[in-house]
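Q: If it helps, the file is called model.pdb and holds PDB, C-alpha atoms:
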ATOM      1  CA  MET A   1      85.457 -26.823 169.010
ATOM      2  CA  LEU A   2      85.918 -23.543 170.824
ATOM      3  CA  LEU A   3      89.480 -22.847 171.952
ATOM      4  CA  ASP A   4      89.486 -19.974 174.461
ATOM      5  CA  LEU A   5      93.043 -19.058 175.417
ATOM      6  CA  TRP A   6      93.976 -16.442 178.004
ATOM      7  CA  ALA A   7      97.087 -15.693 179.998
ATOM      8  CA  GLY A   8      99.623 -13.100 180.993
ATOM      9  CA  VAL A   9     103.324 -13.546 180.331
ATOM     10  CA  SER A  10     104.111 -13.060 184.017
ATOM     11  CA  LEU A  11     102.440 -12.143 187.276
ATOM     12  CA  GLY A  12     101.117  -8.600 187.034
ATOM     13  CA  SER A  13     101.388  -8.366 183.244
ATOM     14  CA  VAL A  14      98.571  -7.455 180.881
ATOM     15  CA  PHE A  15      96.464 -10.415 179.782
ATOM     16  CA  ALA A  16      95.796 -11.703 176.304
ATOM     17  CA  ASP A  17      92.450 -13.387 175.606
ATOM     18  CA  GLN A  18      91.659 -15.014 172.267
ATOM     19  CA  THR A  19      89.218 -17.565 170.920
ATOM     20  CA  TRP A  20      89.690 -19.699 167.830
ATOM     21  CA  MET A  21      87.116 -22.064 166.362
ATOM     22  CA  GLY A  22      87.573 -25.521 164.937
ATOM     23  CA  PHE A  23      85.217 -28.073 163.463
ATOM     24  CA  ALA A  24      85.609 -31.729 164.422
ATOM     25  CA  GLY A  25      84.637 -33.750 161.379
ATOM     26  CA  ARG A  26      85.047 -33.905 157.638
ATOM     27  CA  GLU A  27      83.220 -30.730 156.663
ATOM     28  CA  PRO A  28      81.100 -28.191 158.535
ATOM     29  CA  SER A  29      77.533 -27.814 157.321
ATOM     30  CA  THR A  30      76.423 -24.803 155.321
ATOM     31  CA  GLU A  31      74.663 -23.531 158.452
ATOM     32  CA  VAL A  32      77.793 -23.802 160.629
ATOM     33  CA  ARG A  33      79.933 -22.170 157.956
ATOM     34  CA  GLY A  34      77.325 -19.436 157.502
ATOM     35  CA  ALA A  35      77.202 -18.687 161.231
ATOM     36  CA  TRP A  36      81.014 -18.516 161.292
ATOM     37  CA  ASP A  37      81.007 -16.083 158.353
ATOM     38  CA  VAL A  38      78.500 -13.849 160.161
ATOM     39  CA  VAL A  39      80.498 -13.851 163.404
ATOM     40  CA  ARG A  40      83.749 -13.138 161.558
ATOM     41  CA  GLY A  41      81.982 -10.311 159.724
ATOM     42  CA  ALA A  42      80.728  -8.884 163.027
ATOM     43  CA  ARG A  43      84.249  -8.970 164.456
ATOM     44  CA  ASP A  44      85.638  -7.249 161.376
ATOM     45  CA  ALA A  45      82.858  -4.608 161.417
ATOM     46  CA  ALA A  46      83.773  -3.725 165.002
ATOM     47  CA  VAL A  47      87.439  -3.272 164.055
ATOM     48  CA  ALA A  48      86.497  -1.297 160.931
ATOM     49  CA  LEU A  49      84.475   1.136 163.045
ATOM     50  CA  LEU A  50      87.388   1.589 165.441
ATOM     51  CA  ARG A  51      89.800   2.292 162.582
ATOM     52  CA  GLU A  52      87.388   4.610 160.770
ATOM     53  CA  ARG A  53      86.673   6.683 163.858
ATOM     54  CA  TRP A  54      90.394   6.888 164.686
ATOM     55  CA  LYS A  55      91.274   7.959 161.140
ATOM     56  CA  ASN A  56      88.586  10.669 161.217
ATOM     57  CA  LYS A  57      89.577  11.786 164.729
ATOM     58  CA  GLN A  58      86.102  10.944 166.032
ATOM     59  CA  PRO A  59      85.483   9.503 169.480
ATOM     60  CA  VAL A  60      84.149   5.974 169.755
ATOM     61  CA  THR A  61      82.567   4.210 172.711
ATOM     62  CA  GLY A  62      82.281   0.580 173.654
ATOM     63  CA  ALA A  63      78.523   0.832 173.058
ATOM     64  CA  ALA A  64      79.080   2.016 169.468
ATOM     65  CA  VAL A  65      81.504  -0.830 168.744
ATOM     66  CA  ASP A  66      79.013  -3.328 170.210
ATOM     67  CA  ASP A  67      76.304  -1.862 167.978
ATOM     68  CA  ALA A  68      78.504  -2.281 164.881
ATOM     69  CA  ALA A  69      79.132  -5.970 165.589
ATOM     70  CA  ARG A  70      75.559  -6.653 166.657
ATOM     71  CA  ALA A  71      74.162  -5.027 163.476
ATOM     72  CA  VAL A  72      75.930  -7.616 161.294
ATOM     73  CA  ILE A  73      74.519 -10.501 163.333
ATOM     74  CA  ARG A  74      71.006  -9.003 163.392
ATOM     75  CA  ALA A  75      71.095  -8.437 159.616
ATOM     76  CA  ALA A  76      71.788 -12.161 159.191
ATOM     77  CA  GLY A  77      68.703 -12.994 161.275
ATOM     78  CA  LEU A  78      70.745 -14.340 164.197
ATOM     79  CA  GLY A  79      70.414 -11.434 166.631
ATOM     80  CA  GLU A  80      68.507 -13.408 169.261
ATOM     81  CA  TYR A  81      71.427 -15.864 169.437
ATOM     82  CA  PHE A  82      74.057 -13.250 170.314
ATOM     83  CA  VAL A  83      73.509 -13.295 174.073
ATOM     84  CA  HIS A  84      76.462 -11.392 175.544
ATOM     85  CA  ARG A  85      78.340  -8.148 175.087
ATOM     86  CA  THR A  86      80.820  -7.874 172.232
ATOM     87  CA  GLY A  87      83.846  -7.532 174.487
ATOM     88  CA  HIS A  88      85.366  -6.752 177.841
ATOM     89  CA  SER A  89      88.162  -4.586 179.119
ATOM     90  CA  ILE A  90      91.556  -6.264 179.388
ATOM     91  CA  ASP A  91      94.382  -5.069 181.596
ATOM     92  CA  ARG A  92      96.235  -6.716 184.463
ATOM     93  CA  GLU A  93      93.000  -8.523 185.205
ATOM     94  CA  LEU A  94      91.466 -10.667 182.479
ATOM     95  CA  HIS A  95      88.159  -8.810 182.733
ATOM     96  CA  GLY A  96      89.597  -5.416 183.564
ATOM     97  CA  SER A  97      88.090  -2.318 185.102
ATOM     98  CA  GLY A  98      88.202  -0.186 181.935
ATOM     99  CA  PRO A  99      85.579   0.321 179.246
ATOM    100  CA  HIS A 100      83.737  -2.689 177.883
ATOM    101  CA  ILE A 101      82.487  -3.228 174.346
ATOM    102  CA  ASP A 102      78.898  -3.305 175.459
ATOM    103  CA  ASN A 103      75.494  -1.953 174.580
ATOM    104  CA  PHE A 104      73.716  -5.177 175.572
ATOM    105  CA  GLU A 105      74.327  -5.845 179.264
ATOM    106  CA  THR A 106      75.030  -2.153 179.982
ATOM    107  CA  ALA A 107      75.515   0.841 177.719
ATOM    108  CA  ASP A 108      79.210   1.636 178.086
ATOM    109  CA  GLU A 109      79.518   5.222 176.891
ATOM    110  CA  ARG A 110      83.145   5.670 177.975
ATOM    111  CA  THR A 111      85.349   6.819 175.106
ATOM    112  CA  LEU A 112      87.965   4.292 173.996
ATOM    113  CA  ILE A 113      91.147   6.316 174.429
ATOM    114  CA  PRO A 114      94.837   5.490 173.930
ATOM    115  CA  GLY A 115      96.057   3.145 176.639
ATOM    116  CA  VAL A 116      92.954   0.953 176.962
ATOM    117  CA  GLY A 117      92.762  -2.673 175.891
ATOM    118  CA  PHE A 118      89.744  -4.865 175.292
ATOM    119  CA  SER A 119      88.453  -7.958 173.559
ATOM    120  CA  VAL A 120      86.173  -8.057 170.536
ATOM    121  CA  GLU A 121      84.336 -11.370 170.687
ATOM    122  CA  PRO A 122      80.990 -11.635 168.952
ATOM    123  CA  GLY A 123      79.312 -15.028 168.983
ATOM    124  CA  VAL A 124      76.243 -16.901 167.842
ATOM    125  CA  TYR A 125      74.916 -19.782 169.960
ATOM    126  CA  LEU A 126      72.077 -21.966 168.691
ATOM    127  CA  PRO A 127      70.767 -23.848 171.769
ATOM    128  CA  GLY A 128      71.239 -27.602 171.624
ATOM    129  CA  ARG A 129      72.948 -27.371 168.232
ATOM    130  CA  PHE A 130      76.201 -25.407 168.016
ATOM    131  CA  GLY A 131      77.870 -22.095 168.726
ATOM    132  CA  VAL A 132      80.666 -20.042 167.193
ATOM    133  CA  ARG A 133      82.704 -17.129 168.491
ATOM    134  CA  SER A 134      85.728 -15.207 167.317
ATOM    135  CA  GLU A 135      87.787 -13.300 169.858
ATOM    136  CA  ILE A 136      90.620 -10.904 169.246
ATOM    137  CA  ASN A 137      92.278  -8.250 171.389
ATOM    138  CA  VAL A 138      92.544  -4.540 170.633
ATOM    139  CA  TYR A 139      94.883  -2.054 172.249
ATOM    140  CA  MET A 140      94.178   1.606 171.591
ATOM    141  CA  GLY A 141      97.693   2.822 170.919
ATOM    142  CA  GLU A 142      98.875   6.357 170.295
ATOM    143  CA  SER A 143      98.802   5.651 166.536
ATOM    144  CA  GLY A 144      95.401   3.914 166.539
ATOM    145  CA  PRO A 145      93.849   0.517 167.236
ATOM    146  CA  GLU A 146      96.343  -2.378 167.362
ATOM    147  CA  VAL A 147      94.772  -5.816 166.824
ATOM    148  CA  THR A 148      96.187  -9.110 168.079
ATOM    149  CA  PRO A 149      96.632 -11.515 166.620
ATOM    150  CA  ARG A 150      97.798  -9.472 163.641
ATOM    151  CA  GLN A 151      96.117 -12.015 161.368
ATOM    152  CA  PRO A 152      92.813 -13.014 163.039
ATOM    153  CA  GLN A 153      91.247 -16.345 162.195
ATOM    154  CA  GLN A 154      89.561 -16.295 158.785
ATOM    155  CA  GLU A 155      88.405 -19.900 158.304
ATOM    156  CA  LEU A 156      87.234 -22.607 160.661
ATOM    157  CA  LEU A 157      90.033 -24.985 161.578
ATOM    158  CA  LEU A 158      89.254 -28.564 160.510
ATOM    159  CA  VAL A 159      90.160 -31.046 163.232
TER     160      VAL A 159
END
Have the structure of the file written as structure tokens, please.
A:
Amino acid sequence: MLLDLWAGVSLGSVFADQTWMGFAGREPSTEVRGAWDVVRGARDAAVALLRERWKNKQPVTGAAVDDAARAVIRAAGLGEYFVHRTGHSIDRELHGSGPHIDNFETADERTLIPGVGFSVEPGVYLPGRFGVRSEINVYMGESGPEVTPRQPQQELLLV
């Protein structure tokens, strides 16, 4: 089960956009659990790159963050099943006009600077079988990347 939640607290406010994954049944298969672990690892690699570059005062682009997430999925042999960019800009429009986390659909070379917000949402989709995605939001604050939710999903929810 993919739960994709998005909203703004009021008209004209900045959106939030998150995805959580659940499994309907007794126990997910090793393959489903493995795909989830890869996607979670890709999400975490993207955030780690953001934090590392911030700490070292190095610029980072949406394309570089996409590459970091995509590398984890490729290394697991699932690269052909990650069929969209890693994330999109978020502002007062759900898919905002700022930089995207993308080196797949386009190469977004805009630097991620304080004041921009975006999703990080890698996914793996095996046609006719199953798909998994994890989506968090990042705001580039004056003191570095701020992730919401503060505690991203770690395990599949059992439903």
Q: Given the file above and the PyMOL selection byres ((chain A and resi 76-81) around 10), which residues are selected, and can you give them as a list in words?
A: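 This file gives the following for the PyMOL selection byres ((chain A and resi 76-81) around 10): Gly34, Ala35, Val38, Val39, Arg70, Ala71, Val72, Ile73, Arg74, Ala75, Phe82, Val83, His84, Gly123, Val124, Tyr125, Leu126, Pro127 and Gly131 of chain A.
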Q: Taking into account only C-alpha atoms, which residue in the set A:Pro114, A:Pro152, A:Pro99, A:Gly144 is nearest to A:Glu52?
A: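 Looking at the shortest contact to A:Glu52, the residue is A:Gly144.
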Q: Please compute the atom CA of A:Asp17-atom CA of A:Thr106 distance, one decimal, in Å.
A: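 Those two atoms sit 21.2 Å apart.
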Q: Counting all atoms listed in the file, which residues have an atom no more than 9 Å from (93.0, 4.1, 174.9) in the file's coordinates? Please list them as a list in words.
A: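 Taken together, the residues in range are Thr111, Leu112, Ile113, Pro114, Gly115, Val116, Gly117, Tyr139, Met140, Gly141, Glu142, Gly144 and Pro145 of chain A.
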Q: Rounded to one decimal in Å, what is the spacing between atom CA of A:Asn137 and atom CA of A:Phe23?
A: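 A separation of 22.5 Å between them.
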Q: Have a look at A:Gly87, A:Pro122, A:Gly98, A:Gly8 and name the one nearest to A:Asp37; count all atoms listed in the file.
A: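 Residue with the minimum atom-to-atom distance to A:Asp37: A:Pro122.
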